[in-house]
$ cat entry08.txt   # compact mmCIF, C-alpha atoms
# COMPACT_ATOMS: atom_id res chain seq x y z
CA MET A 284 -2.50 59.96 -21.52
CA ASN A 285 -6.12 60.49 -20.28
CA LEU A 286 -7.75 63.28 -18.25
CA ILE A 287 -7.31 61.43 -14.92
CA ASP A 288 -3.56 61.14 -15.61
CA LEU A 289 -3.38 64.87 -16.28
CA LYS A 290 -5.19 65.65 -13.01
CA LYS A 291 -2.65 63.54 -11.20
CA ASN A 292 0.22 65.14 -13.14
CA PRO A 293 -0.71 68.77 -13.82
CA GLU A 294 2.94 69.60 -14.56
CA LEU A 295 2.57 67.67 -17.86
CA ILE A 296 -0.15 69.98 -19.19
CA PRO A 297 2.35 72.55 -20.65
CA VAL A 298 4.26 69.68 -22.29
CA ILE A 299 1.10 68.33 -23.89
CA GLU A 300 0.13 71.77 -25.11
CA TRP A 301 3.62 72.28 -26.61
CA TRP A 302 3.43 68.89 -28.26
CA GLU A 303 0.08 69.64 -29.83
CA LYS A 304 1.18 73.06 -31.02
CA ASP A 305 4.89 72.80 -31.98
CA GLY A 306 6.27 69.48 -30.83
CA LYS A 307 5.47 67.37 -33.88
CA GLN A 308 6.99 69.90 -36.26
CA THR A 309 10.10 70.21 -34.06
CA VAL A 310 10.65 66.46 -34.03
CA ILE A 311 10.26 66.33 -37.81
CA CYS A 312 12.88 69.08 -38.17
CA LEU A 313 15.21 67.23 -35.82
CA LEU A 314 14.80 64.02 -37.82
CA VAL A 315 15.57 65.86 -41.04
CA ALA A 316 18.67 67.40 -39.42
CA VAL A 317 19.82 64.01 -38.19
CA ALA A 318 19.32 62.54 -41.65
CA ALA A 319 21.30 65.42 -43.18
CA VAL A 320 24.18 64.94 -40.75
CA ALA A 321 24.17 61.21 -41.36
CA GLY A 322 24.15 61.85 -45.08
CA TRP A 323 27.09 64.25 -44.79
CA TYR A 324 29.12 61.76 -42.79
CA GLY A 325 28.19 59.06 -45.29
CA TRP A 326 29.31 61.26 -48.19
CA LYS A 327 32.52 62.12 -46.32
CA HIS A 328 33.21 58.44 -45.76
CA HIS A 329 32.48 57.70 -49.41
CA ARG A 330 34.89 60.43 -50.53
CA ALA A 331 37.57 59.15 -48.16
CA SER A 332 37.09 55.61 -49.50
CA GLU A 333 37.23 56.93 -53.05
CA ARG A 334 40.46 58.81 -52.35
CA ALA A 335 41.99 55.71 -50.77
CA ALA A 336 40.99 53.60 -53.77
CA ALA A 337 42.37 56.19 -56.19
CA SER A 338 45.65 56.36 -54.27
CA ALA A 339 45.91 52.58 -54.40
CA ALA A 340 45.29 52.66 -58.15
CA ILE A 341 48.02 55.25 -58.64
CA ALA A 342 50.46 53.22 -56.57
CA ASP A 343 49.60 49.72 -57.75
CA ALA A 344 48.34 49.88 -61.34
CA THR A 345 51.08 49.52 -63.93
CA ALA A 346 49.60 47.70 -66.93
CA PRO A 347 47.92 49.98 -69.49
CA ALA A 348 44.64 48.05 -69.23
CA ASP A 349 44.51 48.49 -65.44
CA LEU A 350 45.32 52.19 -65.75
CA GLU A 351 42.70 52.68 -68.46
CA GLU A 352 40.12 51.20 -66.09
CA ALA A 353 41.33 53.41 -63.23
CA VAL A 354 41.20 56.56 -65.38
CA ALA A 355 37.61 55.77 -66.36
CA LYS A 356 36.63 54.93 -62.78
CA PHE A 357 38.10 58.07 -61.22
CA SER A 358 37.30 60.49 -64.02
CA GLY A 359 36.64 63.93 -62.58
CA SER A 360 38.35 63.15 -59.26
CA ALA A 361 41.48 64.77 -57.88
CA ALA A 362 43.39 61.60 -58.75
CA GLU A 363 42.58 61.74 -62.46
CA PRO A 364 45.61 63.84 -63.58
CA ALA A 365 48.10 61.53 -61.87
CA LEU A 366 46.40 58.48 -63.34
CA GLU A 367 46.37 60.07 -66.80
CA ILE A 368 50.09 60.79 -66.54
CA LYS A 369 50.84 57.28 -65.38
CA LEU A 370 48.75 55.85 -68.23
CA ALA A 371 50.62 57.93 -70.81
CA LYS A 372 53.94 56.79 -69.32
CA SER A 373 52.78 53.16 -69.41
CA TYR A 374 51.96 53.53 -73.11
CA TYR A 375 55.44 54.99 -73.67
CA ASP A 376 57.13 52.18 -71.73
CA ASP A 377 55.08 49.67 -73.74
CA GLY A 378 56.30 51.15 -77.03
CA ARG A 379 52.88 52.58 -77.84
CA TYR A 380 54.32 55.98 -78.68
CA GLU A 381 51.45 57.32 -80.77
CA GLU A 382 48.97 56.62 -77.98
CA ALA A 383 51.31 58.11 -75.38
CA LEU A 384 51.78 61.20 -77.55
CA ALA A 385 48.02 61.64 -77.90
CA ARG A 386 47.57 61.40 -74.12
CA TYR A 387 50.31 63.91 -73.38
CA GLU A 388 48.96 66.34 -75.95
CA GLU A 389 45.46 66.01 -74.54
CA MET A 390 46.71 66.68 -71.01
CA SER A 391 48.85 69.70 -71.90
CA GLY A 392 47.53 72.81 -70.18
CA LYS A 393 44.83 70.88 -68.34
CA VAL A 394 46.72 69.35 -65.41
CA PRO A 395 47.40 71.02 -62.03
CA PRO A 396 50.45 73.33 -61.89
CA GLU A 397 52.57 70.75 -60.06
CA PHE A 398 52.15 68.37 -63.03
CA ALA A 399 52.33 70.98 -65.80
CA ASP A 400 55.87 70.16 -66.97
CA ILE A 401 55.28 66.43 -67.41
CA PRO A 402 53.00 66.42 -70.48
CA VAL A 403 55.30 68.87 -72.30
CA VAL A 404 58.44 66.80 -71.78
CA GLY A 405 56.49 63.57 -72.25
CA ARG A 406 55.30 64.81 -75.63
CA ALA A 407 58.88 65.64 -76.67
CA MET A 408 60.06 62.19 -75.61
CA CYS A 409 57.32 60.56 -77.68
CA LEU A 410 58.31 62.60 -80.73
CA GLU A 411 61.90 61.47 -80.20
CA ALA A 412 60.80 57.84 -79.91
CA LEU A 413 58.83 58.22 -83.15
CA LYS A 414 62.06 59.48 -84.78
CA LYS A 415 60.59 62.90 -85.41
CA PHE A 416 63.86 64.44 -84.30
CA PRO A 417 63.45 68.04 -85.55
CA GLU A 418 60.05 68.32 -83.83
CA ALA A 419 61.36 66.68 -80.67
CA LEU A 420 64.40 68.98 -80.59
CA GLU A 421 62.19 72.03 -80.94
CA ALA A 422 59.96 70.76 -78.12
CA PHE A 423 62.89 69.99 -75.80
CA ASP A 424 64.65 73.29 -76.43
CA GLY A 425 61.41 75.24 -76.14
CA PHE A 426 60.69 73.66 -72.78
CA VAL A 427 64.15 74.48 -71.41
CA GLU A 428 63.91 78.05 -72.62
CA ALA A 429 60.52 78.49 -70.93
CA ASN A 430 61.36 76.49 -67.80
CA PRO A 431 65.11 76.72 -67.08
CA LYS A 432 64.65 75.90 -63.38
CA SER A 433 62.29 72.98 -63.86
CA TYR A 434 63.12 69.64 -62.28
CA LEU A 435 62.74 68.23 -65.81
CA ALA A 436 65.15 70.72 -67.41
CA LEU A 437 68.04 68.25 -67.41
CA THR A 438 65.82 65.55 -68.91
CA ALA A 439 64.90 67.96 -71.71
CA LYS A 440 68.49 69.06 -72.29
CA LEU A 441 69.66 65.46 -72.60
CA GLY A 442 66.76 64.72 -74.92
CA ALA A 443 67.75 67.69 -77.07
CA ALA A 444 71.35 66.46 -77.27
CA ARG A 445 70.18 63.02 -78.35
CA CYS A 446 67.99 64.56 -81.06
CA VAL A 447 70.91 66.61 -82.38
CA ALA A 448 72.98 63.43 -82.58
CA GLU A 449 70.18 61.47 -84.23
CA SER A 450 69.86 64.27 -86.79
CA GLY A 451 73.45 63.59 -87.82
CA ASP A 452 75.51 66.08 -85.82
CA SER A 453 77.18 64.07 -83.06
CA ALA A 454 79.90 66.68 -82.60
CA LYS A 455 77.37 69.37 -81.79
CA ALA A 456 75.52 66.96 -79.51
CA LEU A 457 78.74 66.30 -77.59
CA GLU A 458 79.26 70.05 -77.24
CA ARG A 459 75.88 70.29 -75.56
CA ILE A 460 76.72 67.40 -73.29
CA GLU A 461 80.06 68.92 -72.35
CA ALA A 462 78.24 72.07 -71.26
CA LEU A 463 75.88 69.95 -69.16
CA LYS A 464 78.83 68.30 -67.42
CA LYS A 465 79.89 71.72 -66.13
CA GLU A 466 76.34 72.48 -64.98
CA CYS A 467 76.17 69.23 -63.04
CA GLU A 468 79.45 69.47 -61.15
CA GLY A 469 78.90 68.35 -57.57
CA ASP A 470 75.67 66.48 -58.42
CA GLU A 471 76.65 62.85 -58.84
CA VAL A 472 73.20 61.64 -59.89
CA SER A 473 72.86 64.25 -62.63
CA LYS A 474 76.47 63.69 -63.65
CA SER A 475 75.87 59.97 -64.17
CA ARG A 476 72.85 60.75 -66.35
CA VAL A 477 74.93 63.12 -68.49
CA GLU A 478 77.72 60.55 -68.83
CA ALA A 479 75.22 57.90 -69.91
CA ALA A 480 73.90 60.24 -72.61
CA GLU A 481 77.45 61.01 -73.67
CA ASN A 482 78.24 57.32 -74.10
CA ALA A 483 75.06 56.83 -76.13
CA VAL A 484 75.95 59.71 -78.45
CA LYS A 485 79.49 58.39 -78.91
CA ARG A 486 78.16 54.95 -79.79
CA LEU A 487 75.77 56.53 -82.27
CA ALA A 488 78.64 58.47 -83.87
CA LYS A 489 80.51 55.19 -84.49
CA GLU A 490 77.56 53.49 -86.16
CA PRO A 491 77.83 53.15 -89.94
CA LYS A 492 75.63 55.57 -91.82
CA GLY A 493 73.18 54.55 -94.48
$ encode --input "entry08.txt" --output "structure tokens"
Amino acid sequence: MNLIDLKKNPELIPVIEWWEKDGKQTVICLLVAVAAVAGWYGWKHHRASERAAASAAIADATAPADLEEAVAKFSGSAAEPALEIKLAKSYYDDGRYEEALARYEEMSGKVPPEFADIPVVGRAMCLEALKKFPEALEAFDGFVEANPKSYLALTAKLGAARCVAESGDSAKALERIEALKKECEGDEVSKSRVEAAENAVKRLAKEPKG
């Protein structure tokens, strides 16, 4: 804008003076602020997308290879503990007990409180599957003693009974199971689990030794 324009529009003179003195710096600050806000929303969107992808991985991945990839991809994220647990369980289901045991032992004490019981019981189950019955029994019984109200307490008690039977004392195992029957009165789901364990122990007792 030239001098003639300013004479015609004297009200613009304060604006021009502001622009020359502070306006450029103000605009720069505004642009930086806009960029920061845009960056924050971009980061927020990225995190939301990451969480959605992690949730999908937890829900959909079942094969060990897929879960290994998901664990590596989401390492350090909030989804990592759940993926680690699912990977350990997939190893167990696949008969890869040593690998499952290593995963559970690595996770123990490092997962969020809501997952804390799983690695402990998972480790005991792996020891049982590896036929390390005295160690598994100690792990199961130790868990129940420390966590009598845990949602995995029944799982551990049944595991302990199986280990007693596998160690050669089916009668004592059945005593444990009989006590569990009384604990589970009125709970049909738990009762059916106890009865299944009882049948397994009875079958084991009939198997020829040697």
$ residues_around --input "entry08.txt" --residues "Pro347 of chain A" --least-positions-apart "2" --cutoff "12 Å" --atoms "only C-alpha atoms" --output "list in words"
Ala340, Asp343, Ala344, Thr345, Asp349, Leu350, Glu351, Glu352, Ala353, Val354, Leu366, Glu367, Ile368, Lys369, Leu370, Ala371, Lys372, Ser373, Tyr374, Tyr375, Asp376, Asp377, Gly378, Arg379, Glu382 and Ala383 of chain A
$ residues_near_point --input "entry08.txt" --point "(66.0, 68.3, -72.7)" --cutoff "10 Å" --atoms "all atoms listed in the file" --output "list in words"
Val404, Ala407, Met408, Ala419, Leu420, Glu421, Ala422, Phe423, Asp424, Gly425, Phe426, Val427, Glu428, Leu435, Ala436, Leu437, Thr438, Ala439, Lys440, Leu441, Gly442, Ala443, Ala444, Arg445 and Cys446 of chain A
$ write_last_selection --input "entry08.txt" --atoms "C-alpha atoms" --output "PDB file, in the coordinates of the input"
ATOM      1  CA  VAL A 404      58.440  66.800 -71.780  1.00  0.00           C
ATOM      2  CA  ALA A 407      58.880  65.640 -76.670  1.00  0.00           C
ATOM      3  CA  MET A 408      60.060  62.190 -75.610  1.00  0.00           C
ATOM      4  CA  ALA A 419      61.360  66.680 -80.670  1.00  0.00           C
ATOM      5  CA  LEU A 420      64.400  68.980 -80.590  1.00  0.00           C
ATOM      6  CA  GLU A 421      62.190  72.030 -80.940  1.00  0.00           C
ATOM      7  CA  ALA A 422      59.960  70.760 -78.120  1.00  0.00           C
ATOM      8  CA  PHE A 423      62.890  69.990 -75.800  1.00  0.00           C
ATOM      9  CA  ASP A 424      64.650  73.290 -76.430  1.00  0.00           C
ATOM     10  CA  GLY A 425      61.410  75.240 -76.140  1.00  0.00           C
ATOM     11  CA  PHE A 426      60.690  73.660 -72.780  1.00  0.00           C
ATOM     12  CA  VAL A 427      64.150  74.480 -71.410  1.00  0.00           C
ATOM     13  CA  GLU A 428      63.910  78.050 -72.620  1.00  0.00           C
ATOM     14  CA  LEU A 435      62.740  68.230 -65.810  1.00  0.00           C
ATOM     15  CA  ALA A 436      65.150  70.720 -67.410  1.00  0.00           C
ATOM     16  CA  LEU A 437      68.040  68.250 -67.410  1.00  0.00           C
ATOM     17  CA  THR A 438      65.820  65.550 -68.910  1.00  0.00           C
ATOM     18  CA  ALA A 439      64.900  67.960 -71.710  1.00  0.00           C
ATOM     19  CA  LYS A 440      68.490  69.060 -72.290  1.00  0.00           C
ATOM     20  CA  LEU A 441      69.660  65.460 -72.600  1.00  0.00           C
ATOM     21  CA  GLY A 442      66.760  64.720 -74.920  1.00  0.00           C
ATOM     22  CA  ALA A 443      67.750  67.690 -77.070  1.00  0.00           C
ATOM     23  CA  ALA A 444      71.350  66.460 -77.270  1.00  0.00           C
ATOM     24  CA  ARG A 445      70.180  63.020 -78.350  1.00  0.00           C
ATOM     25  CA  CYS A 446      67.990  64.560 -81.060  1.00  0.00           C
TER      26      CYS A 446
END
$ atom_distance --input "entry08.txt" --atom1 "atom CA of Ser475 of chain A" --atom2 "atom CA of Phe416 of chain A"
23.9 Å
$ atom_distance --input "entry08.txt" --atom1 "atom CA of Lys393 of chain A" --atom2 "atom CA of Leu410 of chain A"
20.1 Å
